[in-house]
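Data block for final-v3.csv (CSV, C-alpha atoms and all ligand atoms):
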chain,number,residue,atom,x,y,z
A,236,MET,CA,0.0,0.0,0.0
A,237,THR,CA,2.8,2.4,1.0
A,238,VAL,CA,4.8,1.4,-2.1
A,239,LEU,CA,1.8,2.1,-4.3
A,240,SER,CA,1.2,5.6,-2.8
A,241,ASN,CA,4.9,6.4,-3.1
A,242,ASN,CA,4.8,5.5,-6.7
A,243,THR,CA,1.7,7.7,-7.3
A,244,SER,CA,3.3,10.7,-5.6
A,245,ASP,CA,6.5,10.2,-7.5
A,246,LYS,CA,4.6,10.1,-10.8
A,247,ARG,CA,2.7,13.2,-9.8
A,248,ARG,CA,5.9,15.1,-8.9
A,249,GLU,CA,7.5,14.0,-12.2
A,250,ARG,CA,4.4,15.3,-14.1
A,251,VAL,CA,4.5,18.6,-12.3
A,252,SER,CA,8.2,19.1,-13.0
A,253,VAL,CA,7.6,18.2,-16.7
A,254,LEU,CA,4.7,20.7,-16.8
A,255,ILE,CA,6.8,23.4,-15.1
A,256,SER,CA,9.7,22.9,-17.5
A,257,HIS,CA,7.4,23.0,-20.5
A,258,PHE,CA,5.9,26.3,-19.1
A,259,LEU,CA,9.3,27.9,-18.5
A,260,THR,CA,10.7,26.8,-21.9
A,261,LEU,CA,7.7,28.3,-23.6
A,262,ILE,CA,7.9,31.6,-21.8
A,263,VAL,CA,11.6,31.9,-22.4
A,264,LEU,CA,11.1,31.1,-26.1
A,265,ILE,CA,8.3,33.7,-26.4
A,266,ALA,CA,10.5,36.3,-24.7
A,267,VAL,CA,13.5,35.6,-26.9
A,268,ALA,CA,11.6,35.4,-30.2
A,269,SER,CA,9.6,38.6,-29.3
A,270,THR,CA,12.8,40.4,-28.6
A,271,LEU,CA,14.2,39.5,-32.0
A,272,MET,CA,10.9,40.5,-33.7
A,273,THR,CA,10.9,43.8,-31.8
A,274,LEU,CA,14.4,44.5,-33.1
A,275,PHE,CA,13.2,43.5,-36.6
A,276,TRP,CA,10.3,46.0,-36.4
A,277,GLY,CA,12.6,48.6,-34.8
A,278,GLU,CA,10.3,49.2,-31.8
A,279,THR,CA,12.5,49.3,-28.7
A,280,GLU,CA,11.2,52.8,-27.6
A,281,SER,CA,8.4,53.1,-25.0
A,282,SER,CA,5.2,55.0,-25.7
A,283,PRO,CA,5.1,58.7,-26.5
A,284,GLY,CA,5.7,61.3,-23.7
A,285,PHE,CA,3.6,64.3,-22.8
A,286,VAL,CA,4.3,68.0,-22.9
A,287,THR,CA,5.1,69.5,-19.6
A,288,GLU,CA,5.7,73.2,-20.4
A,289,ILE,CA,5.0,75.4,-23.4
A,290,ILE,CA,6.8,78.7,-23.8
A,291,LEU,CA,4.8,81.6,-25.3
A,292,GLN,CA,6.4,85.0,-25.5
A,293,PRO,CA,4.9,88.2,-26.9
A,294,GLY,CA,5.9,89.1,-30.5
A,295,LEU,CA,6.7,85.6,-31.6
A,296,ASN,CA,5.9,84.4,-35.1
A,297,VAL,CA,4.8,80.8,-35.7
A,298,ALA,CA,8.2,79.6,-36.8
A,299,ASP,CA,9.9,81.0,-33.7
A,300,PHE,CA,7.2,79.5,-31.4
A,301,GLY,CA,7.9,76.2,-33.1
A,302,GLU,CA,11.6,76.5,-32.6
A,303,ILE,CA,11.5,77.5,-29.0
A,304,ASN,CA,9.2,74.6,-28.1
A,305,ARG,CA,10.8,72.2,-30.6
A,306,LEU,CA,7.5,71.6,-32.4
A,307,PRO,CA,7.6,70.1,-35.9
A,308,ASN,CA,5.6,71.6,-38.7
A,309,PRO,CA,2.7,69.1,-38.6
A,310,VAL,CA,2.1,70.2,-35.0
A,311,LEU,CA,2.1,73.9,-35.9
A,312,LYS,CA,-0.2,73.2,-38.8
A,313,ARG,CA,-2.7,71.5,-36.4
A,314,VAL,CA,-2.4,74.3,-33.8
A,315,PHE,CA,-2.8,77.3,-36.1
A,316,GLY,CA,-4.6,75.7,-39.0
A,317,LEU,CA,-1.8,76.8,-41.4
A,318,HIS,CA,-2.4,76.6,-45.2
A,319,GLY,CA,1.2,76.9,-46.4
A,320,GLN,CA,4.8,77.5,-45.5
A,321,SER,CA,4.5,81.3,-45.8
A,322,GLU,CA,2.1,81.3,-42.8
A,323,LEU,CA,5.0,80.2,-40.6
A,324,GLN,CA,6.1,83.9,-40.6
A,325,ARG,CA,2.8,85.2,-39.3
A,326,PRO,CA,2.7,86.5,-35.7
A,327,VAL,CA,1.2,84.1,-33.3
A,328,SER,CA,-1.1,86.9,-32.1
A,329,SER,CA,-2.6,87.3,-35.6
A,330,PHE,CA,-4.6,84.0,-35.3
A,331,GLY,CA,-7.0,85.4,-32.8
A,332,LEU,CA,-6.3,82.7,-30.2
A,333,THR,CA,-6.0,83.3,-26.5
A,334,GLU,CA,-2.9,82.1,-24.6
A,335,THR,CA,-4.9,79.3,-23.0
A,336,GLU,CA,-6.2,78.2,-26.3
A,337,ILE,CA,-2.8,78.1,-27.9
A,338,ILE,CA,-1.4,76.1,-25.0
A,339,ALA,CA,-4.3,73.6,-25.0
A,340,ARG,CA,-4.2,73.2,-28.8
A,341,THR,CA,-0.4,72.7,-28.7
A,342,ARG,CA,-0.6,70.0,-26.0
A,343,ARG,CA,-3.2,68.1,-27.9
A,344,ALA,CA,-1.4,68.4,-31.2
A,345,VAL,CA,1.9,67.3,-29.7
A,346,VAL,CA,0.2,64.2,-28.2
A,347,LEU,CA,-1.6,63.3,-31.4
A,348,ASN,CA,1.6,63.8,-33.5
A,349,ALA,CA,3.6,61.6,-31.0
A,350,GLU,CA,0.9,58.9,-31.1
A,351,LYS,CA,1.0,58.9,-34.9
A,352,LEU,CA,4.7,58.7,-35.1
A,353,SER,CA,5.0,56.0,-32.5
A,354,LYS,CA,2.9,53.6,-34.6
A,355,ASN,CA,4.1,51.1,-37.2
A,356,TRP,CA,1.3,51.5,-39.6
A,357,THR,CA,2.4,48.6,-41.9
A,358,LYS,CA,2.4,46.2,-38.9
A,359,ILE,CA,-1.0,47.5,-37.7
A,360,ARG,CA,-2.6,47.0,-41.1
A,361,LEU,CA,-1.0,43.6,-41.4
A,362,LYS,CA,-2.3,42.6,-38.0
A,363,PHE,CA,-5.9,43.6,-38.7
A,364,ALA,CA,-5.8,41.8,-42.0
A,365,LEU,CA,-4.5,38.6,-40.4
A,366,TRP,CA,-7.0,38.9,-37.6
A,367,PHE,CA,-9.8,39.1,-40.1
A,368,VAL,CA,-8.6,35.9,-42.0
A,369,PHE,CA,-7.8,33.9,-38.8
A,370,LEU,CA,-11.0,34.8,-37.0
A,371,MET,CA,-13.1,33.9,-40.1
A,372,LEU,CA,-11.3,30.5,-40.2
A,373,MET,CA,-11.9,29.9,-36.5
A,374,PHE,CA,-15.5,30.9,-36.8
A,375,ILE,CA,-16.1,28.3,-39.6
A,376,LEU,CA,-14.3,25.6,-37.6
A,377,LEU,CA,-16.3,26.3,-34.5
A,378,LYS,CA,-19.6,26.5,-36.4
A,379,THR,CA,-18.9,23.1,-37.8
A,380,ALA,CA,-17.7,21.8,-34.5
A,381,ARG,CA,-14.2,20.9,-35.7
A,382,ILE,CA,-12.3,22.4,-32.8
A,383,LYS,CA,-11.3,19.5,-30.7
A,384,ARG,CA,-9.1,18.9,-27.7
A,385,GLY,CA,-6.3,17.7,-30.0
A,386,ASN,CA,-6.2,20.7,-32.3
A,387,ARG,CA,-7.3,23.5,-30.0
A,388,PRO,CA,-3.9,24.2,-28.4
A,389,TRP,CA,-2.3,24.4,-31.8
A,390,PHE,CA,-4.7,27.2,-32.9
A,391,TYR,CA,-3.9,29.1,-29.7
A,392,LEU,CA,-0.2,28.6,-30.3
A,393,ILE,CA,-0.6,29.9,-33.9
A,394,ALA,CA,-2.4,33.0,-32.6
A,395,VAL,CA,0.2,33.6,-29.9
A,396,ILE,CA,3.1,33.3,-32.5
A,397,LEU,CA,1.3,35.4,-35.2
A,398,PHE,CA,-0.4,38.1,-33.2
A,399,GLY,CA,2.0,38.3,-30.2
A,400,VAL,CA,5.5,37.1,-31.1
A,401,CYS,CA,5.6,38.3,-34.7
A,402,LEU,CA,3.3,41.3,-34.6
A,403,GLY,CA,4.0,42.5,-31.0
A,404,SER,CA,2.1,43.8,-28.0
A,405,ASP,CA,0.4,46.6,-29.9
A,406,PRO,CA,-2.3,46.8,-31.0
A,407,SER,CA,-4.3,44.6,-28.8
A,408,PRO,CA,-8.0,44.7,-27.8
A,409,MET,CA,-7.0,45.7,-24.2
A,410,GLY,CA,-4.7,48.5,-25.5
A,411,THR,CA,-7.4,50.1,-27.6
A,412,ILE,CA,-9.6,50.8,-24.6
A,413,LYS,CA,-7.0,51.3,-21.9
A,414,ASP,CA,-4.8,53.7,-24.0
A,415,MET,CA,-7.9,55.7,-25.0
A,416,LEU,CA,-9.1,56.1,-21.5
A,417,VAL,CA,-5.6,57.1,-20.2
A,418,LEU,CA,-5.0,59.6,-23.1
A,419,TYR,CA,-8.4,61.2,-22.6
A,420,GLY,CA,-7.9,61.3,-18.8
A,421,ARG,CA,-4.5,62.9,-19.1
A,422,GLU,CA,-4.9,65.2,-22.1
A,423,ARG,CA,-8.6,65.3,-23.0
A,424,VAL,CA,-7.5,64.0,-26.4
A,425,ILE,CA,-8.9,61.1,-28.5
A,426,PHE,CA,-6.6,59.5,-31.1
A,427,PRO,CA,-9.0,58.8,-34.0
A,428,PRO,CA,-7.3,55.6,-35.3
A,429,ARG,CA,-7.6,54.1,-31.8
A,430,LEU,CA,-11.3,54.9,-31.7
A,431,VAL,CA,-11.6,53.1,-35.1
A,432,ALA,CA,-9.7,50.1,-33.8
A,433,LEU,CA,-11.9,50.0,-30.7
A,434,GLY,CA,-15.0,50.2,-32.9
A,435,ILE,CA,-13.8,47.3,-35.0
A,436,MET,CA,-13.1,45.2,-31.9
A,437,LEU,CA,-16.5,45.9,-30.4
A,438,VAL,CA,-18.2,45.1,-33.8
A,439,LEU,CA,-16.4,41.8,-33.6
A,440,VAL,CA,-17.8,41.2,-30.1
A,441,LEU,CA,-21.3,42.1,-31.4
A,442,GLY,CA,-20.9,39.8,-34.3
A,443,ALA,CA,-19.7,36.7,-32.5
A,444,ASN,CA,-19.3,36.5,-28.7
A,445,LYS,CA,-15.9,38.0,-27.8
A,446,PHE,CA,-14.3,36.2,-30.8
A,447,ILE,CA,-11.4,38.7,-30.9
A,448,CYS,CA,-10.6,37.7,-27.3
A,449,SER,CA,-11.1,34.0,-27.9
A,450,TRP,CA,-8.8,33.6,-30.9
A,451,GLY,CA,-7.2,37.0,-31.7
A,452,CYS,CA,-5.9,38.5,-28.5
A,453,GLN,CA,-2.2,37.7,-28.1
A,454,LEU,CA,-2.3,37.5,-24.3
A,455,GLY,CA,-5.7,35.9,-24.1
A,456,THR,CA,-4.7,33.0,-26.4
A,457,LEU,CA,-1.4,32.6,-24.5
A,458,GLN,CA,-3.3,32.2,-21.2
A,459,ASP,CA,-5.7,29.8,-22.9
A,460,TYR,CA,-2.8,27.8,-24.3
A,461,LEU,CA,-1.2,27.6,-20.8
A,462,LEU,CA,-4.4,26.1,-19.3
A,463,ARG,CA,-4.5,23.5,-22.1
A,464,LEU,CA,-0.9,22.7,-21.4
A,465,ASN,CA,-2.0,21.9,-17.9
A,466,TYR,CA,-4.9,19.9,-19.3
A,467,ALA,CA,-2.4,17.5,-20.8
A,468,PHE,CA,-1.5,16.7,-17.2
A,469,ARG,CA,-5.0,16.9,-15.8
A,470,LYS,CA,-4.8,13.6,-13.9
A,471,THR,CA,-2.3,15.3,-11.6
A,472,ARG,CA,-4.4,16.5,-8.8
A,473,LEU,CA,-2.0,19.2,-7.7
A,474,LEU,CA,-2.8,21.0,-10.9
A,475,ARG,CA,-6.5,20.9,-10.6
A,476,LEU,CA,-8.4,23.7,-12.3
A,477,TYR,CA,-9.8,26.4,-10.0
A,478,LYS,CA,-12.9,28.2,-11.1
A,479,PRO,CA,-13.3,31.4,-9.1
A,480,SER,CA,-16.9,32.8,-8.8
A,481,PHE,CA,-17.9,35.4,-11.3
A,482,LYS,CA,-19.0,37.7,-8.5
A,483,LEU,CA,-15.5,37.8,-7.2
A,484,THR,CA,-13.7,38.2,-10.6
A,485,ASN,CA,-16.0,40.8,-11.9
A,486,THR,CA,-16.0,42.8,-8.7
A,487,ILE,CA,-12.2,43.0,-8.8
A,488,ARG,CA,-12.3,43.8,-12.6
A,489,ILE,CA,-14.8,46.6,-12.1
A,490,CYS,CA,-12.7,48.0,-9.2
A,491,PHE,CA,-9.6,47.8,-11.4
A,492,PHE,CA,-11.3,49.5,-14.3
A,493,THR,CA,-12.5,52.3,-12.0
A,494,LEU,CA,-8.9,52.7,-10.6
A,495,VAL,CA,-7.4,52.9,-14.1
A,496,GLY,CA,-9.9,55.7,-15.0
A,497,ALA,CA,-9.6,57.5,-11.7
A,498,ALA,CA,-5.7,57.5,-11.9
A,499,ALA,CA,-5.8,58.8,-15.4
A,500,PHE,CA,-8.3,61.5,-14.8
A,501,ALA,CA,-7.3,62.6,-11.3
A,502,VAL,CA,-3.5,62.3,-11.4
A,503,SER,CA,-2.6,61.7,-15.1
A,504,VAL,CA,-1.1,58.3,-14.3
A,505,ASP,CA,-1.3,55.1,-16.4
A,506,ILE,CA,-1.4,52.4,-13.7
A,507,VAL,CA,-1.5,49.6,-16.2
A,508,GLU,CA,1.7,50.6,-18.0
A,509,PRO,CA,4.2,49.4,-15.3
A,510,ILE,CA,2.6,46.0,-15.0
A,511,ASP,CA,1.2,45.5,-18.5
A,512,PRO,CA,1.5,41.7,-19.2
A,513,PHE,CA,1.1,42.4,-23.0
A,514,LYS,CA,4.7,43.7,-22.8
A,515,ILE,CA,5.9,40.1,-22.7
A,516,PHE,CA,5.7,40.5,-26.5
A,517,ASN,CA,7.9,43.6,-26.4
A,518,PRO,CA,10.4,42.7,-23.6
A,519,PHE,CA,12.3,46.0,-24.1
A,520,GLN,CA,9.4,47.8,-22.4
A,521,LEU,CA,9.0,45.3,-19.6
A,522,GLY,CA,10.2,46.6,-16.2
A,523,ILE,CA,10.6,44.8,-12.9
A,524,GLY,CA,6.9,45.3,-12.1
A,525,GLY,CA,5.9,44.0,-15.5
A,526,ILE,CA,8.1,40.9,-15.1
A,527,VAL,CA,6.7,40.1,-11.7
A,528,PHE,CA,3.1,40.7,-12.6
A,529,SER,CA,3.3,38.9,-16.0
A,530,SER,CA,4.9,35.9,-14.3
A,531,LEU,CA,2.1,35.8,-11.8
A,532,ILE,CA,-0.6,36.0,-14.5
A,533,LEU,CA,1.1,33.4,-16.7
A,534,GLY,CA,1.7,31.1,-13.7
A,535,LEU,CA,-1.9,31.4,-12.6
A,536,SER,CA,-3.1,30.7,-16.1
A,537,LEU,CA,-2.1,27.0,-15.5
A,538,PHE,CA,-4.8,26.8,-12.8
A,539,ILE,CA,-7.3,29.5,-13.5
A,540,TYR,CA,-8.9,30.3,-16.8
A,541,ARG,CA,-7.6,33.5,-18.3
A,542,PRO,CA,-6.8,35.3,-15.0
A,543,TRP,CA,-5.9,38.7,-16.6
A,544,CYS,CA,-9.1,38.7,-18.7
A,545,HIS,CA,-11.4,37.8,-15.7
A,546,PHE,CA,-9.7,39.9,-13.0
A,547,PHE,CA,-8.2,42.9,-14.7
A,548,CYS,CA,-8.7,43.4,-18.4
A,549,PRO,CA,-10.6,46.7,-19.3
A,550,PHE,CA,-11.6,45.3,-22.6
A,551,GLY,CA,-12.7,42.1,-20.9
A,552,LEU,CA,-15.1,44.1,-18.9
A,553,VAL,CA,-16.5,46.2,-21.8
A,554,GLY,CA,-16.5,43.1,-24.0
A,555,TRP,CA,-18.5,41.3,-21.4
A,556,LEU,CA,-21.2,44.0,-21.5
A,557,PHE,CA,-21.3,43.9,-25.3
A,558,GLU,CA,-21.4,40.1,-25.6
A,559,LYS,CA,-24.9,40.3,-24.1
A,560,VAL,CA,-26.2,41.4,-27.4
A,561,SER,CA,-23.8,39.4,-29.7
A,562,ILE,CA,-25.5,38.0,-32.8
A,563,PHE,CA,-23.7,34.6,-32.6
A,564,LYS,CA,-23.2,33.0,-29.2
A,565,ILE,CA,-23.0,29.6,-27.4
A,566,LYS,CA,-26.5,28.3,-27.2
A,567,VAL,CA,-28.2,25.1,-25.9
A,568,ASP,CA,-30.9,23.2,-27.7
A,569,TYR,CA,-33.0,21.9,-24.8
A,570,ASP,CA,-34.8,19.4,-27.0
A,571,ARG,CA,-31.6,17.6,-27.5
A,572,CYS,CA,-30.1,18.3,-24.1
A,573,ILE,CA,-30.2,15.3,-21.7
A,574,ALA,CA,-29.1,17.4,-18.7
A,575,CYS,CA,-25.9,15.4,-18.1
A,576,GLU,CA,-24.0,18.7,-17.5
A,577,LYS,CA,-20.9,17.4,-19.2
A,578,CYS,CA,-20.6,20.8,-21.0
A,579,ALA,CA,-20.5,22.7,-17.7
A,580,ARG,CA,-17.9,20.4,-16.3
A,581,GLU,CA,-15.7,20.7,-19.4
A,582,CYS,CA,-16.1,24.6,-19.5
A,583,PRO,CA,-12.9,26.1,-18.0
A,584,SER,CA,-15.0,28.8,-16.2
A,585,THR,CA,-18.4,29.0,-14.6
A,586,VAL,CA,-20.1,30.3,-17.7
A,587,MET,CA,-21.5,27.1,-19.2
A,588,GLU,CA,-23.3,26.3,-16.0
A,589,ALA,CA,-24.9,29.8,-16.1
A,590,ILE,CA,-25.8,29.4,-19.8
A,591,LEU,CA,-27.2,25.9,-19.4
A,592,LYS,CA,-29.4,27.0,-16.5
A,593,ARG,CA,-30.0,30.4,-18.0
A,594,GLU,CA,-29.0,32.3,-14.9
A,595,ARG,CA,-29.6,36.0,-14.7
A,596,VAL,CA,-25.9,36.9,-14.9
A,597,ILE,CA,-24.0,35.1,-17.5
A,598,PRO,CA,-20.2,35.4,-17.1
A,599,ASP,CA,-17.7,35.9,-20.0
A,600,CYS,CA,-17.8,33.2,-22.6
A,601,PHE,CA,-14.6,33.0,-24.6
A,602,THR,CA,-16.1,30.8,-27.3
A,603,CYS,CA,-13.4,28.2,-26.8
A,604,GLY,CA,-15.7,25.4,-28.0
A,605,SER,CA,-14.9,23.0,-25.1
A,606,CYS,CA,-18.6,22.7,-24.3
A,607,ILE,CA,-19.5,22.0,-28.0
A,608,GLU,CA,-17.0,19.2,-28.0
A,609,ALA,CA,-18.1,17.7,-24.7
A,610,CYS,CA,-21.8,17.5,-25.4
A,611,PRO,CA,-22.8,13.9,-26.3
A,612,THR,CA,-26.0,14.9,-28.1
A,613,GLN,CA,-24.7,17.9,-30.0
A,614,ALA,CA,-27.1,20.2,-28.1
A,615,VAL,CA,-24.5,22.9,-27.7
A,616,ARG,CA,-23.7,25.1,-30.7
A,617,LEU,CA,-22.3,28.4,-31.7
A,618,ALA,CA,-25.6,29.8,-33.1
A,619,TYR,CA,-27.5,32.8,-34.2
A,620,GLY,CA,-30.1,34.6,-32.0
A,621,LYS,CA,-31.2,34.7,-28.4
A,622,ARG,CA,-30.6,32.0,-25.9
A,623,GLN,CA,-33.7,29.9,-24.8
A,624,ARG,CA,-34.7,29.2,-21.3
A,625,PRO,CA,-34.5,25.6,-20.1
A,626,PRO,CA,-37.8,23.9,-19.5
A,627,ASP,CA,-38.8,23.9,-15.8
A,628,HIS,CA,-37.3,21.2,-13.6
A,629,LYS,CA,-34.8,20.2,-16.4
A,630,PHE,CA,-31.8,20.4,-14.0
A,631,ILE,CA,-33.4,19.3,-10.7
B,701,LIG,S1,-10.2,40.0,-22.1
B,701,LIG,FE1,-8.4,38.8,-22.4
B,701,LIG,S2,-8.5,38.2,-24.4
B,701,LIG,FE2,-9.8,40.0,-24.2
B,701,LIG,S3,-8.5,41.7,-24.6
B,701,LIG,FE3,-8.4,41.4,-22.5
B,701,LIG,S4,-6.6,40.1,-22.3
B,701,LIG,FE4,-7.2,40.0,-24.4
B,702,LIG,S1,-19.3,28.2,-22.4
B,702,LIG,FE1,-17.3,27.7,-21.5
B,702,LIG,S2,-16.6,25.9,-22.7
B,702,LIG,FE2,-18.3,26.8,-23.8
B,702,LIG,S3,-17.3,28.2,-25.3
B,702,LIG,FE3,-17.8,29.5,-23.5
B,702,LIG,S4,-16.0,29.4,-22.3
B,702,LIG,FE4,-15.8,27.7,-23.7
Take the structure in the file and write it out as structure tokens.
Ligand code: SF4
Ligand code: SF4
Amino acid sequence: MTVLSNNTSDKRRERVSVLISHFLTLIVLIAVASTLMTLFWGETESSPGFVTEIILQPGLNVADFGEINRLPNPVLKRVFGLHGQSELQRPVSSFGLTETEIIARTRRAVVLNAEKLSKNWTKIRLKFALWFVFLMLMFILLKTARIKRGNRPWFYLIAVILFGVCLGSDPSPMGTIKDMLVLYGRERVIFPPRLVALGIMLVLVLGANKFICSWGCQLGTLQDYLLRLNYAFRKTRLLRLYKPSFKLTNTIRICFFTLVGAAAFAVSVDIVEPIDPFKIFNPFQLGIGGIVFSSLILGLSLFIYRPWCHFFCPFGLVGWLFEKVSIFKIKVDYDRCIACEKCARECPSTVMEAILKRERVIPDCFTCGSCIEACPTQAVRLAYGKRQRPPDHKFI
């Protein structure tokens, strides 16, 4: 008896150490490959700074004003609405703007110009194009129930490599909303391309249940992959999946979102920046805080389904609100359902149980398709329209 239990715990220890070494190898490979790709794209700098002081002396013309404050011509054009080079010689006072207006306009123009220059537009266009193709492919595969336990991790890995390692930490669904909130809080400025990006992401959520998070987000898919890595060792009880209650995760996520907004509006501070786990795909911008926090998130991902998405992500929260009205979502056909609840057990979070029993609050569903695969009667589908209510007493 003692020999048997020693053997079992030896095997368990062995499996845990194999899992940990797989985990560490993967993270190191991602960090190294992302560093190389960041060098390839030439993006080792951190995000644009903000103007602290603007010098405005009486009698200056536009060119002098630009020179004293080191403002490039596109900024001057935006501030004064210039129509040609000759207007650079016009006195600043001739534009009929007050000092306060000039300072406010200059601050805004500097920030917008820095935002524009900090972006690699080729890479951004490429990422959106690839997102479109990949998400369409995943949608078709999920609709036809062809995502299985065997191939699911590979799709996550492809998404991590493509959208994270190769195409970097920016843009991301999280970044679109967080950066917009912080920029507006600090400078009362909205960067129009970011608004467009956020609009596209939200349209995707409206179309098909957080699909961008499920299969497109570089950090989301990495967390999902890590959980599936643990699944390969699921008989090891030490690594049992933990499903925190949605009440807990969403309360923390709402508090965090409020804190991000309050810090940006009240003290002009971006509290996500120093801990941003997306920076794992741009290690040049990852400080000590980022390394510690990212390690924590990635380590927890082995036991908890998408901890960053559920506990912290600002897009996760907004996407959760939008997914209530998604056109396509995970639905149960109660005529086929035999109430075995296998789908709920297979779901990595508490959402399938809520969907199945049509509870009042439905947590985030990441359209992973585990429930579709688990159902023995094909009652769970990614389908169009509203969810039905289960017949009374179905789950007693
Ligand atoms: S919720 Fe998760 S998957 Fe969605 S944007 Fe945030 S980190 Fe990415
Ligand atoms: S209900 Fe759960 S298992 Fe089904 S797709 Fe959503 S997250 Fe995955």
Protein and nucleic residues near ligand LIG 701 (chain B), 6 Å, all atoms listed in the file, as a PDB file with C-alpha atoms, in the frame of the given file:
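Okay, result.pdb is ready:
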ATOM      1  CA  PRO A 408      -8.000  44.700 -27.800  1.00  0.00           C
ATOM      2  CA  MET A 409      -7.000  45.700 -24.200  1.00  0.00           C
ATOM      3  CA  CYS A 448     -10.600  37.700 -27.300  1.00  0.00           C
ATOM      4  CA  CYS A 452      -5.900  38.500 -28.500  1.00  0.00           C
ATOM      5  CA  LEU A 454      -2.300  37.500 -24.300  1.00  0.00           C
ATOM      6  CA  GLY A 455      -5.700  35.900 -24.100  1.00  0.00           C
ATOM      7  CA  TRP A 543      -5.900  38.700 -16.600  1.00  0.00           C
ATOM      8  CA  CYS A 544      -9.100  38.700 -18.700  1.00  0.00           C
ATOM      9  CA  CYS A 548      -8.700  43.400 -18.400  1.00  0.00           C
ATOM     10  CA  PHE A 550     -11.600  45.300 -22.600  1.00  0.00           C
ATOM     11  CA  GLY A 551     -12.700  42.100 -20.900  1.00  0.00           C
TER      12      GLY A 551
END
#### Entry: Who sits within 7 Å of segment 574-581 of chain A, all atoms listed in the file, same chain under 3 positions skipped, as a count of residues only
8
### Task
Select the residues contacting ligand LIG 702 (chain B) at a distance of at most 10 Å, based on all atoms listed in the file, then format the selection as an NGL selection string.
:A and (377 or 444-445 or 449 or 540 or 564-566 or 578-591 or 597-609 or 615-617)
### Query
Between A:Ile412, A:Phe481, A:Leu261, A:Arg624, which one has atoms that come closest to Phe426 of chain A, using all atoms listed in the file?
A:Ile412
### Task
Find, counting all atoms listed in the file, the residue in A:Leu402, A:Ile303, A:Val368, A:Val310 that gets nearest to Lys351 of chain A.
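The answer is A:Val310, which sits nearest to Lys351 of chain A.
Of the listed residues A:Asp414, A:Asp459, A:Glu278, A:Asp299, the one whose atoms come nearest to Gly496 of chain A is A:Asp414, with distances taken using all atoms listed in the file.
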### Query
So what do you get for atom CA of Arg421 of chain A versus atom CA of Gly316 of chain A, distance-wise?
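So the two atoms, atom CA of Arg421 of chain A and atom CA of Gly316 of chain A, lie 23.7 Å apart.
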